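Input: a single structure, listed below in C-alpha cells.
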Amino acid sequence: MKNFQKWLEKYLVPFSNKLGQNKVLQSISSGMVMTLPVTIGASVFSIFASFPIKPVADWFNQVGITPSMTAIVNGTMNILAVFIAFTIAYNYAQKCKANGVVAGLFSLASFFILMPQSIPGKKPVNAFQINYLGSEGIIVAILLSILIGVFYVKLSRNKKLIIKLPDSVPSMVSSSIEPLIVGIIIFTVVFIVRAIFDYSQFGNVFDFINKLITTPLMNVGGSPITLILIMVLSNVLFTFGIHPAAIQSVIIPIVISMMVSSTPAYQAGKTIPFLSNLVVFAFSNNDAAGATLSLVLIALIFGKSKRYKEFFKVSALPNIFNINEPIIFGMPIVLNPLMFIPFILSSFVSSGVALLAVKIGFITNYNPSLGMGMPWTMPKLIADAMIMGWQGAVVWLINFALMFVIYLPFFRVADKQALEEENSKND
C-alpha cells in the first residue's frame with residue numbers, strides 16, 4: 001500500500017497538478033465547488049421528500065409538507081445546470097482578469113435561449129422543462145459556459161468593441177454599457193446556433209447532446225457484462241461532470257422490463273429468468289455513484305487536513321441515503337485525476353462481485369416487486385437485504401470493504417496535498 005501511494009505521488013500527482021493549472025479545468029472545478037452550499041443544503045430535504053420509510057413518507061403526504069420539501073429539491077439540485085451555466089463562465093472570466101459577473105450573465109442567458117421554451121401538447125404551454133435545467137442540461141451548461149466565457153474574454157479585450165463613456169458617468173452605469181456590442185455579438189451567434197437546431201431533426205442542442213451520448217447505448221441490450229460496461233461508462237462521464245442520468249435513462253426501461261418479466265416466476269417460486277442482470281444492476285453502484293460511502297468512512301478515520309475532515313462530516317448523512325452530489329462536486333471528484341481511477345473502478349468491482357455471487361450460487365433470489373417499489377433514498381445495505389435476503393447484505397459489505405481498500409491510497413495522497421496547502425498558508 002505504501003509503495004503504491006509513493007507511486008501515485010511520483011507519477012499521478014505531478015500530472016494532476018499540471019492538469020489543474022489549466023484555466024478551463026480550473027474554472028469547471030471552481031464552478032462546481034461554488035454550487036456546494038446549494039447541493040448540501042438541499043440534500044437534507046431530498047431525503048425527507050423521498051423518505052425511505054413508507055409510514056413516515058405517508059404521514060408527510062397527509063400533513064401536506066411533501067410538496068414544499070420537493071419544491072426545495074426542484075429549486076436547487078434539480079436545476080443545478082442553471083447554477084453551473086453561470087458559475088463556470090464567471091470563474092473563467094475572473095481567472096482571465098475580465099468581468100466575471102457579465103460573463104456569467106451572458107452564459108446564463110445563452111443557456112436559456114438555447115433551451116426549448118414550450119411544452120408540446122394539444123395546447124402548447126410556454127415554459128422551460130425542468131429536466132433540461134437539471135441532469136439533462138449539465139453537459140450543455142459546462143460546454144456552453146466555457147465557450148461563452150472564452151468568447152467573452154477575447155471580445156472584451158478588443159477595445160473597438162467596448163463602449164467608453166465619460167468619466168462623469170457613474171461607474172455602475174458605464175460598466176453595464178461597456179459590453180453592449182460584445183453582448184450583441186454573443187447573442188447573434190447563439191441565435192444562429194438555435195436556428196440551426198430548430199431546423200434540424202434534433203430540435204434543440206440539449207436533445208442533440210443527450211442523444212449523442214445515449215443513442216449508441218440503446219442497441220447494446222441488457223446482458224450482465226453490457227450493464228457493467230455501461231455503468232462504468234456512466235462513472236467515466238460523471239468524472240467530467242456529465243450526470244449519469246443521461247445514460248441511466250436508457251438502461252432503466254430495460255431493467256424495469258426485466259423486473260416485470262421476472263415477477264410471475266418469483267411469485268411462483270421459480271428461478272428468476274433475469275437474475276444475473278438484476279443483481280448486477282442492483283450493485284452497479286454499491287451505494288451512490290462511485291461507491292463514495294467507503295470514501296466518507298476513510299476520510300472520517302484517516303483524514304488529517306481540516307478541509308476534508310470538516311467537509312466529509314457534513315457530506316456523510318446525505319451519502320448514507322444515496323445522495324453524493326456534494327462529494328462529486330464539492331471534494332471535487334469531477335476533473336480530479338487523483339480520484340478518477342477508484343471512482344471509475346467502483347462499478348466494475350461491485351458489479352463484478354455481484355455477478356460472481358450469482359454464478360457461484362450465493363445469491364439465488366431477487367424480489368422484483370420490491371426492486372421496482374424501493375425508494376431510491378433507502379440505504380443500499382437495507383435495500384439489498386430486503387430485495388435479495390441476507391446474502392445481498394453480505395455482498396454489499398464485501399463491496400464496501402473492497403472500495404475502502406481501493407480508495408484509501410488515493411485519498412491519503414489527496415489529503416496529504418490538502419494538509420501541505422493548509423500548513424503553507426499558516427506559515
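Residues in the C-alpha cells are numbered from 1 in each chain, the chains being A, B, ... in the order shown, and ligands are numbered from 1 in the order shown.
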Next on the checklist: When you look at Leu419 of chain A with a cut-off of 9 Å (counting only C-alpha atoms), what residues show up, excluding the ones that are within fewer than 3 positions of it in the same chain? I need them as a PyMOL selection string.
Outcome noted: chain A and resi 304-307+414-416+422-424
Any chance you can output those residues with N, CA and C atoms as a PDB file, in the first residue's frame?
```pdb
ATOM      1  N   LYS A 304      -6.567  14.023   7.785  1.00  0.00           N
ATOM      2  CA  LYS A 304      -5.751  14.884   8.648  1.00  0.00           C
ATOM      3  C   LYS A 304      -5.942  16.362   8.314  1.00  0.00           C
ATOM      4  N   SER A 305      -6.264  16.658   7.076  1.00  0.00           N
ATOM      5  CA  SER A 305      -6.466  18.049   6.687  1.00  0.00           C
ATOM      6  C   SER A 305      -7.820  18.538   7.187  1.00  0.00           C
ATOM      7  N   LYS A 306      -7.849  19.779   7.610  1.00  0.00           N
ATOM      8  CA  LYS A 306      -9.102  20.363   8.103  1.00  0.00           C
ATOM      9  C   LYS A 306     -10.139  20.411   6.984  1.00  0.00           C
ATOM     10  N   ARG A 307      -9.667  20.660   5.780  1.00  0.00           N
ATOM     11  CA  ARG A 307     -10.573  20.750   4.627  1.00  0.00           C
ATOM     12  C   ARG A 307     -11.412  19.495   4.475  1.00  0.00           C
ATOM     13  N   ALA A 414      -4.425  12.719  -1.698  1.00  0.00           N
ATOM     14  CA  ALA A 414      -5.189  13.967  -1.779  1.00  0.00           C
ATOM     15  C   ALA A 414      -5.186  14.700  -0.446  1.00  0.00           C
ATOM     16  N   ASP A 415      -5.336  13.943   0.638  1.00  0.00           N
ATOM     17  CA  ASP A 415      -5.351  14.535   1.971  1.00  0.00           C
ATOM     18  C   ASP A 415      -3.992  15.139   2.319  1.00  0.00           C
ATOM     19  N   LYS A 416      -2.921  14.470   1.907  1.00  0.00           N
ATOM     20  CA  LYS A 416      -1.569  14.976   2.160  1.00  0.00           C
ATOM     21  C   LYS A 416      -1.352  16.296   1.435  1.00  0.00           C
ATOM     22  N   GLU A 422      -2.591  23.706   3.580  1.00  0.00           N
ATOM     23  CA  GLU A 422      -3.026  24.372   4.813  1.00  0.00           C
ATOM     24  C   GLU A 422      -1.828  24.837   5.644  1.00  0.00           C
ATOM     25  N   ASN A 423      -0.815  23.990   5.729  1.00  0.00           N
ATOM     26  CA  ASN A 423       0.379  24.338   6.509  1.00  0.00           C
ATOM     27  C   ASN A 423       1.151  25.499   5.884  1.00  0.00           C
ATOM     28  N   SER A 424       1.190  25.517   4.545  1.00  0.00           N
ATOM     29  CA  SER A 424       1.896  26.608   3.853  1.00  0.00           C
ATOM     30  C   SER A 424       1.203  27.946   4.066  1.00  0.00           C
TER      31      SER A 424
END
```
Give me the residues within 12 Å of segment 358-364 of chain A as a PDB file with N, CA, C and O atoms, in the first residue's frame, counting only C-alpha atoms and dropping any in the same chain fewer than 5 places off.
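The resulting file, out.pdb, is shown below:
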```
ATOM      1  N   PRO A 224     -25.510  -9.002 -18.497  1.00  0.00           N
ATOM      2  CA  PRO A 224     -24.775  -8.538 -17.313  1.00  0.00           C
ATOM      3  C   PRO A 224     -23.497  -7.790 -17.658  1.00  0.00           C
ATOM      4  O   PRO A 224     -23.210  -6.748 -17.073  1.00  0.00           O
ATOM      5  N   TYR A 266     -41.038 -15.198  -9.795  1.00  0.00           N
ATOM      6  CA  TYR A 266     -40.767 -15.014  -8.359  1.00  0.00           C
ATOM      7  C   TYR A 266     -41.997 -15.416  -7.543  1.00  0.00           C
ATOM      8  O   TYR A 266     -41.874 -16.105  -6.519  1.00  0.00           O
ATOM      9  N   GLY A 269     -42.372 -19.059  -7.199  1.00  0.00           N
ATOM     10  CA  GLY A 269     -41.259 -19.740  -6.537  1.00  0.00           C
ATOM     11  C   GLY A 269     -40.294 -20.391  -7.502  1.00  0.00           C
ATOM     12  O   GLY A 269     -39.540 -21.293  -7.128  1.00  0.00           O
ATOM     13  N   LYS A 270     -40.308 -19.915  -8.764  1.00  0.00           N
ATOM     14  CA  LYS A 270     -39.425 -20.490  -9.774  1.00  0.00           C
ATOM     15  C   LYS A 270     -38.145 -19.666  -9.910  1.00  0.00           C
ATOM     16  O   LYS A 270     -38.007 -18.609  -9.308  1.00  0.00           O
ATOM     17  N   THR A 271     -37.223 -20.149 -10.736  1.00  0.00           N
ATOM     18  CA  THR A 271     -35.971 -19.437 -10.969  1.00  0.00           C
ATOM     19  C   THR A 271     -36.236 -18.123 -11.682  1.00  0.00           C
ATOM     20  O   THR A 271     -36.988 -18.074 -12.659  1.00  0.00           O
ATOM     21  N   ILE A 272     -35.621 -17.056 -11.187  1.00  0.00           N
ATOM     22  CA  ILE A 272     -35.790 -15.736 -11.796  1.00  0.00           C
ATOM     23  C   ILE A 272     -35.077 -15.731 -13.150  1.00  0.00           C
ATOM     24  O   ILE A 272     -33.861 -15.987 -13.226  1.00  0.00           O
ATOM     25  N   PRO A 273     -35.772 -15.424 -14.251  1.00  0.00           N
ATOM     26  CA  PRO A 273     -35.146 -15.506 -15.582  1.00  0.00           C
ATOM     27  C   PRO A 273     -34.009 -14.514 -15.804  1.00  0.00           C
ATOM     28  O   PRO A 273     -33.072 -14.797 -16.544  1.00  0.00           O
ATOM     29  N   PHE A 274     -34.073 -13.340 -15.185  1.00  0.00           N
ATOM     30  CA  PHE A 274     -33.040 -12.316 -15.386  1.00  0.00           C
ATOM     31  C   PHE A 274     -32.280 -12.056 -14.086  1.00  0.00           C
ATOM     32  O   PHE A 274     -31.903 -10.908 -13.795  1.00  0.00           O
ATOM     33  N   LEU A 275     -32.030 -13.110 -13.318  1.00  0.00           N
ATOM     34  CA  LEU A 275     -31.400 -12.944 -12.006  1.00  0.00           C
ATOM     35  C   LEU A 275     -30.045 -12.243 -12.103  1.00  0.00           C
ATOM     36  O   LEU A 275     -29.771 -11.277 -11.373  1.00  0.00           O
ATOM     37  N   SER A 276     -29.184 -12.711 -12.993  1.00  0.00           N
ATOM     38  CA  SER A 276     -27.844 -12.122 -13.115  1.00  0.00           C
ATOM     39  C   SER A 276     -27.915 -10.642 -13.462  1.00  0.00           C
ATOM     40  O   SER A 276     -27.218  -9.810 -12.871  1.00  0.00           O
ATOM     41  N   ASN A 277     -28.778 -10.314 -14.427  1.00  0.00           N
ATOM     42  CA  ASN A 277     -28.902  -8.922 -14.855  1.00  0.00           C
ATOM     43  C   ASN A 277     -29.368  -8.026 -13.713  1.00  0.00           C
ATOM     44  O   ASN A 277     -28.820  -6.941 -13.498  1.00  0.00           O
ATOM     45  N   LEU A 278     -30.392  -8.473 -12.993  1.00  0.00           N
ATOM     46  CA  LEU A 278     -30.982  -7.642 -11.940  1.00  0.00           C
ATOM     47  C   LEU A 278     -30.031  -7.468 -10.761  1.00  0.00           C
ATOM     48  O   LEU A 278     -29.942  -6.382 -10.187  1.00  0.00           O
ATOM     49  N   VAL A 279     -29.320  -8.523 -10.403  1.00  0.00           N
ATOM     50  CA  VAL A 279     -28.376  -8.438  -9.286  1.00  0.00           C
ATOM     51  C   VAL A 279     -27.201  -7.533  -9.662  1.00  0.00           C
ATOM     52  O   VAL A 279     -26.755  -6.702  -8.857  1.00  0.00           O
ATOM     53  N   VAL A 280     -26.705  -7.674 -10.885  1.00  0.00           N
ATOM     54  CA  VAL A 280     -25.608  -6.819 -11.350  1.00  0.00           C
ATOM     55  C   VAL A 280     -26.031  -5.356 -11.331  1.00  0.00           C
ATOM     56  O   VAL A 280     -25.291  -4.475 -10.865  1.00  0.00           O
ATOM     57  N   PHE A 283     -26.135  -3.804  -7.840  1.00  0.00           N
ATOM     58  CA  PHE A 283     -24.839  -3.496  -7.248  1.00  0.00           C
ATOM     59  C   PHE A 283     -23.953  -2.649  -8.169  1.00  0.00           C
ATOM     60  O   PHE A 283     -22.767  -2.471  -7.890  1.00  0.00           O
ATOM     61  N   SER A 351     -20.116  -4.559  -9.335  1.00  0.00           N
ATOM     62  CA  SER A 351     -20.930  -5.377 -10.251  1.00  0.00           C
ATOM     63  C   SER A 351     -20.280  -6.731 -10.498  1.00  0.00           C
ATOM     64  O   SER A 351     -20.969  -7.759 -10.600  1.00  0.00           O
ATOM     65  N   GLY A 352     -18.938  -6.735 -10.606  1.00  0.00           N
ATOM     66  CA  GLY A 352     -18.225  -7.995 -10.819  1.00  0.00           C
ATOM     67  C   GLY A 352     -18.388  -8.950  -9.659  1.00  0.00           C
ATOM     68  O   GLY A 352     -18.590 -10.163  -9.852  1.00  0.00           O
ATOM     69  N   VAL A 353     -18.305  -8.429  -8.436  1.00  0.00           N
ATOM     70  CA  VAL A 353     -18.514  -9.266  -7.244  1.00  0.00           C
ATOM     71  C   VAL A 353     -19.945  -9.802  -7.231  1.00  0.00           C
ATOM     72  O   VAL A 353     -20.183 -10.974  -6.894  1.00  0.00           O
ATOM     73  N   ASP A 384     -30.708  -3.860  -0.233  1.00  0.00           N
ATOM     74  CA  ASP A 384     -30.199  -5.122  -0.775  1.00  0.00           C
ATOM     75  C   ASP A 384     -30.608  -6.309   0.093  1.00  0.00           C
ATOM     76  O   ASP A 384     -30.892  -7.395  -0.423  1.00  0.00           O
ATOM     77  N   ALA A 385     -30.635  -6.105   1.407  1.00  0.00           N
ATOM     78  CA  ALA A 385     -31.052  -7.182   2.310  1.00  0.00           C
ATOM     79  C   ALA A 385     -32.526  -7.505   2.114  1.00  0.00           C
ATOM     80  O   ALA A 385     -32.938  -8.675   2.153  1.00  0.00           O
ATOM     81  N   ILE A 387     -34.337  -6.994  -0.665  1.00  0.00           N
ATOM     82  CA  ILE A 387     -34.613  -7.498  -2.014  1.00  0.00           C
ATOM     83  C   ILE A 387     -33.998  -8.872  -2.248  1.00  0.00           C
ATOM     84  O   ILE A 387     -34.605  -9.745  -2.883  1.00  0.00           O
ATOM     85  N   MET A 388     -32.788  -9.107  -1.719  1.00  0.00           N
ATOM     86  CA  MET A 388     -32.061 -10.352  -2.005  1.00  0.00           C
ATOM     87  C   MET A 388     -31.779 -11.207  -0.770  1.00  0.00           C
ATOM     88  O   MET A 388     -31.070 -12.207  -0.868  1.00  0.00           O
ATOM     89  N   GLY A 389     -32.299 -10.795   0.379  1.00  0.00           N
ATOM     90  CA  GLY A 389     -32.044 -11.563   1.594  1.00  0.00           C
ATOM     91  C   GLY A 389     -30.704 -11.186   2.215  1.00  0.00           C
ATOM     92  O   GLY A 389     -30.022 -10.265   1.767  1.00  0.00           O
ATOM     93  N   TRP A 390     -30.320 -11.937   3.245  1.00  0.00           N
ATOM     94  CA  TRP A 390     -29.068 -11.633   3.942  1.00  0.00           C
ATOM     95  C   TRP A 390     -27.858 -11.723   3.019  1.00  0.00           C
ATOM     96  O   TRP A 390     -26.844 -11.064   3.236  1.00  0.00           O
ATOM     97  N   GLN A 391     -27.995 -12.536   1.958  1.00  0.00           N
ATOM     98  CA  GLN A 391     -26.886 -12.650   1.014  1.00  0.00           C
ATOM     99  C   GLN A 391     -26.584 -11.309   0.345  1.00  0.00           C
ATOM    100  O   GLN A 391     -25.434 -10.962   0.073  1.00  0.00           O
ATOM    101  N   GLY A 392     -27.653 -10.547   0.077  1.00  0.00           N
ATOM    102  CA  GLY A 392     -27.465  -9.228  -0.524  1.00  0.00           C
ATOM    103  C   GLY A 392     -26.691  -8.305   0.395  1.00  0.00           C
ATOM    104  O   GLY A 392     -25.833  -7.541  -0.061  1.00  0.00           O
ATOM    105  N   ALA A 393     -26.977  -8.375   1.706  1.00  0.00           N
ATOM    106  CA  ALA A 393     -26.256  -7.548   2.681  1.00  0.00           C
ATOM    107  C   ALA A 393     -24.782  -7.937   2.746  1.00  0.00           C
ATOM    108  O   ALA A 393     -23.902  -7.072   2.848  1.00  0.00           O
ATOM    109  N   VAL A 394     -24.508  -9.246   2.657  1.00  0.00           N
ATOM    110  CA  VAL A 394     -23.125  -9.724   2.713  1.00  0.00           C
ATOM    111  C   VAL A 394     -22.333  -9.216   1.508  1.00  0.00           C
ATOM    112  O   VAL A 394     -21.193  -8.733   1.640  1.00  0.00           O
ATOM    113  N   VAL A 395     -22.937  -9.314   0.319  1.00  0.00           N
ATOM    114  CA  VAL A 395     -22.252  -8.839  -0.891  1.00  0.00           C
ATOM    115  C   VAL A 395     -22.008  -7.337  -0.790  1.00  0.00           C
ATOM    116  O   VAL A 395     -20.945  -6.843  -1.182  1.00  0.00           O
ATOM    117  N   TRP A 396     -22.978  -6.588  -0.249  1.00  0.00           N
ATOM    118  CA  TRP A 396     -22.794  -5.144  -0.076  1.00  0.00           C
ATOM    119  C   TRP A 396     -21.593  -4.856   0.829  1.00  0.00           C
ATOM    120  O   TRP A 396     -20.779  -3.985   0.528  1.00  0.00           O
TER     121      TRP A 396
END
```
Checklist entry - Which distance in Å separates atom CA of Ile242 of chain A and atom CA of Ser30 of chain A, to one decimal? => result 15.8 Å
Item to check | Sel. of alpha helix (DSSP H) residues, segment 77-257 of chain A, as a PyMOL selection string | outcome: chain A and resi 80-95+100-114+130-133+138-156+171-177+180-198+205-214+224-238+245-257
Next on the checklist: Just to confirm, what's the straight-line distance from atom CA of Met69 of chain A to atom CA of Ala42 of chain A in Å (one decimal)?
Outcome noted: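 Atom-to-atom, atom CA of Met69 of chain A and atom CA of Ala42 of chain A are spaced 9.0 Å apart.
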Checklist entry - Leaving out Ser43 of chain A and any residue of its chain fewer than 2 positions from it, which residues lie within 12 Å of it when counting only C-alpha atoms, given as a VMD selection string? => result chain A and resid 36 to 41 45 to 51 69 to 70 72 to 78 314 to 327 377
Write a file of the just-selected residues containing C-alpha atoms, as a PDB file, in the first residue's frame.
```pdb
ATOM      1  CA  LEU A  36     -21.778  23.181  -2.919  1.00  0.00           C
ATOM      2  CA  PRO A  37     -23.851  25.303  -0.485  1.00  0.00           C
ATOM      3  CA  VAL A  38     -26.919  24.630  -2.615  1.00  0.00           C
ATOM      4  CA  THR A  39     -26.408  20.883  -3.014  1.00  0.00           C
ATOM      5  CA  ILE A  40     -25.525  20.163   0.621  1.00  0.00           C
ATOM      6  CA  GLY A  41     -28.403  22.229   1.988  1.00  0.00           C
ATOM      7  CA  PHE A  45     -34.693  17.974   2.206  1.00  0.00           C
ATOM      8  CA  SER A  46     -34.197  15.490  -0.623  1.00  0.00           C
ATOM      9  CA  ILE A  47     -34.011  12.694   1.954  1.00  0.00           C
ATOM     10  CA  PHE A  48     -37.271  13.737   3.597  1.00  0.00           C
ATOM     11  CA  ALA A  49     -39.041  14.410   0.285  1.00  0.00           C
ATOM     12  CA  SER A  50     -38.443  10.744  -0.705  1.00  0.00           C
ATOM     13  CA  PHE A  51     -38.235   9.258   2.772  1.00  0.00           C
ATOM     14  CA  MET A  69     -39.833  19.756   0.506  1.00  0.00           C
ATOM     15  CA  THR A  70     -39.951  18.673  -3.134  1.00  0.00           C
ATOM     16  CA  ILE A  72     -36.720  22.873  -2.322  1.00  0.00           C
ATOM     17  CA  VAL A  73     -35.169  19.984  -4.255  1.00  0.00           C
ATOM     18  CA  ASN A  74     -36.644  21.261  -7.535  1.00  0.00           C
ATOM     19  CA  GLY A  75     -35.341  24.748  -6.825  1.00  0.00           C
ATOM     20  CA  THR A  76     -31.799  23.597  -6.063  1.00  0.00           C
ATOM     21  CA  MET A  77     -30.480  20.170  -7.044  1.00  0.00           C
ATOM     22  CA  ASN A  78     -32.924  19.714  -9.922  1.00  0.00           C
ATOM     23  CA  VAL A 314     -21.378  17.314   6.534  1.00  0.00           C
ATOM     24  CA  SER A 315     -21.411  15.050   3.454  1.00  0.00           C
ATOM     25  CA  ALA A 316     -21.769  11.772   5.349  1.00  0.00           C
ATOM     26  CA  LEU A 317     -25.508  11.841   6.107  1.00  0.00           C
ATOM     27  CA  PRO A 318     -26.694  12.548   2.539  1.00  0.00           C
ATOM     28  CA  ASN A 319     -24.368   9.823   1.209  1.00  0.00           C
ATOM     29  CA  ILE A 320     -25.946   7.227   3.518  1.00  0.00           C
ATOM     30  CA  PHE A 321     -29.201   7.950   1.692  1.00  0.00           C
ATOM     31  CA  ASN A 322     -27.522   7.681  -1.751  1.00  0.00           C
ATOM     32  CA  ILE A 323     -27.115  11.425  -2.303  1.00  0.00           C
ATOM     33  CA  ASN A 324     -23.492  12.184  -3.092  1.00  0.00           C
ATOM     34  CA  GLU A 325     -23.593  15.216  -5.399  1.00  0.00           C
ATOM     35  CA  PRO A 326     -21.963  17.256  -2.585  1.00  0.00           C
ATOM     36  CA  ILE A 327     -18.947  14.917  -2.744  1.00  0.00           C
ATOM     37  CA  THR A 377     -33.180   7.051  -0.850  1.00  0.00           C
TER      38      THR A 377
END
```
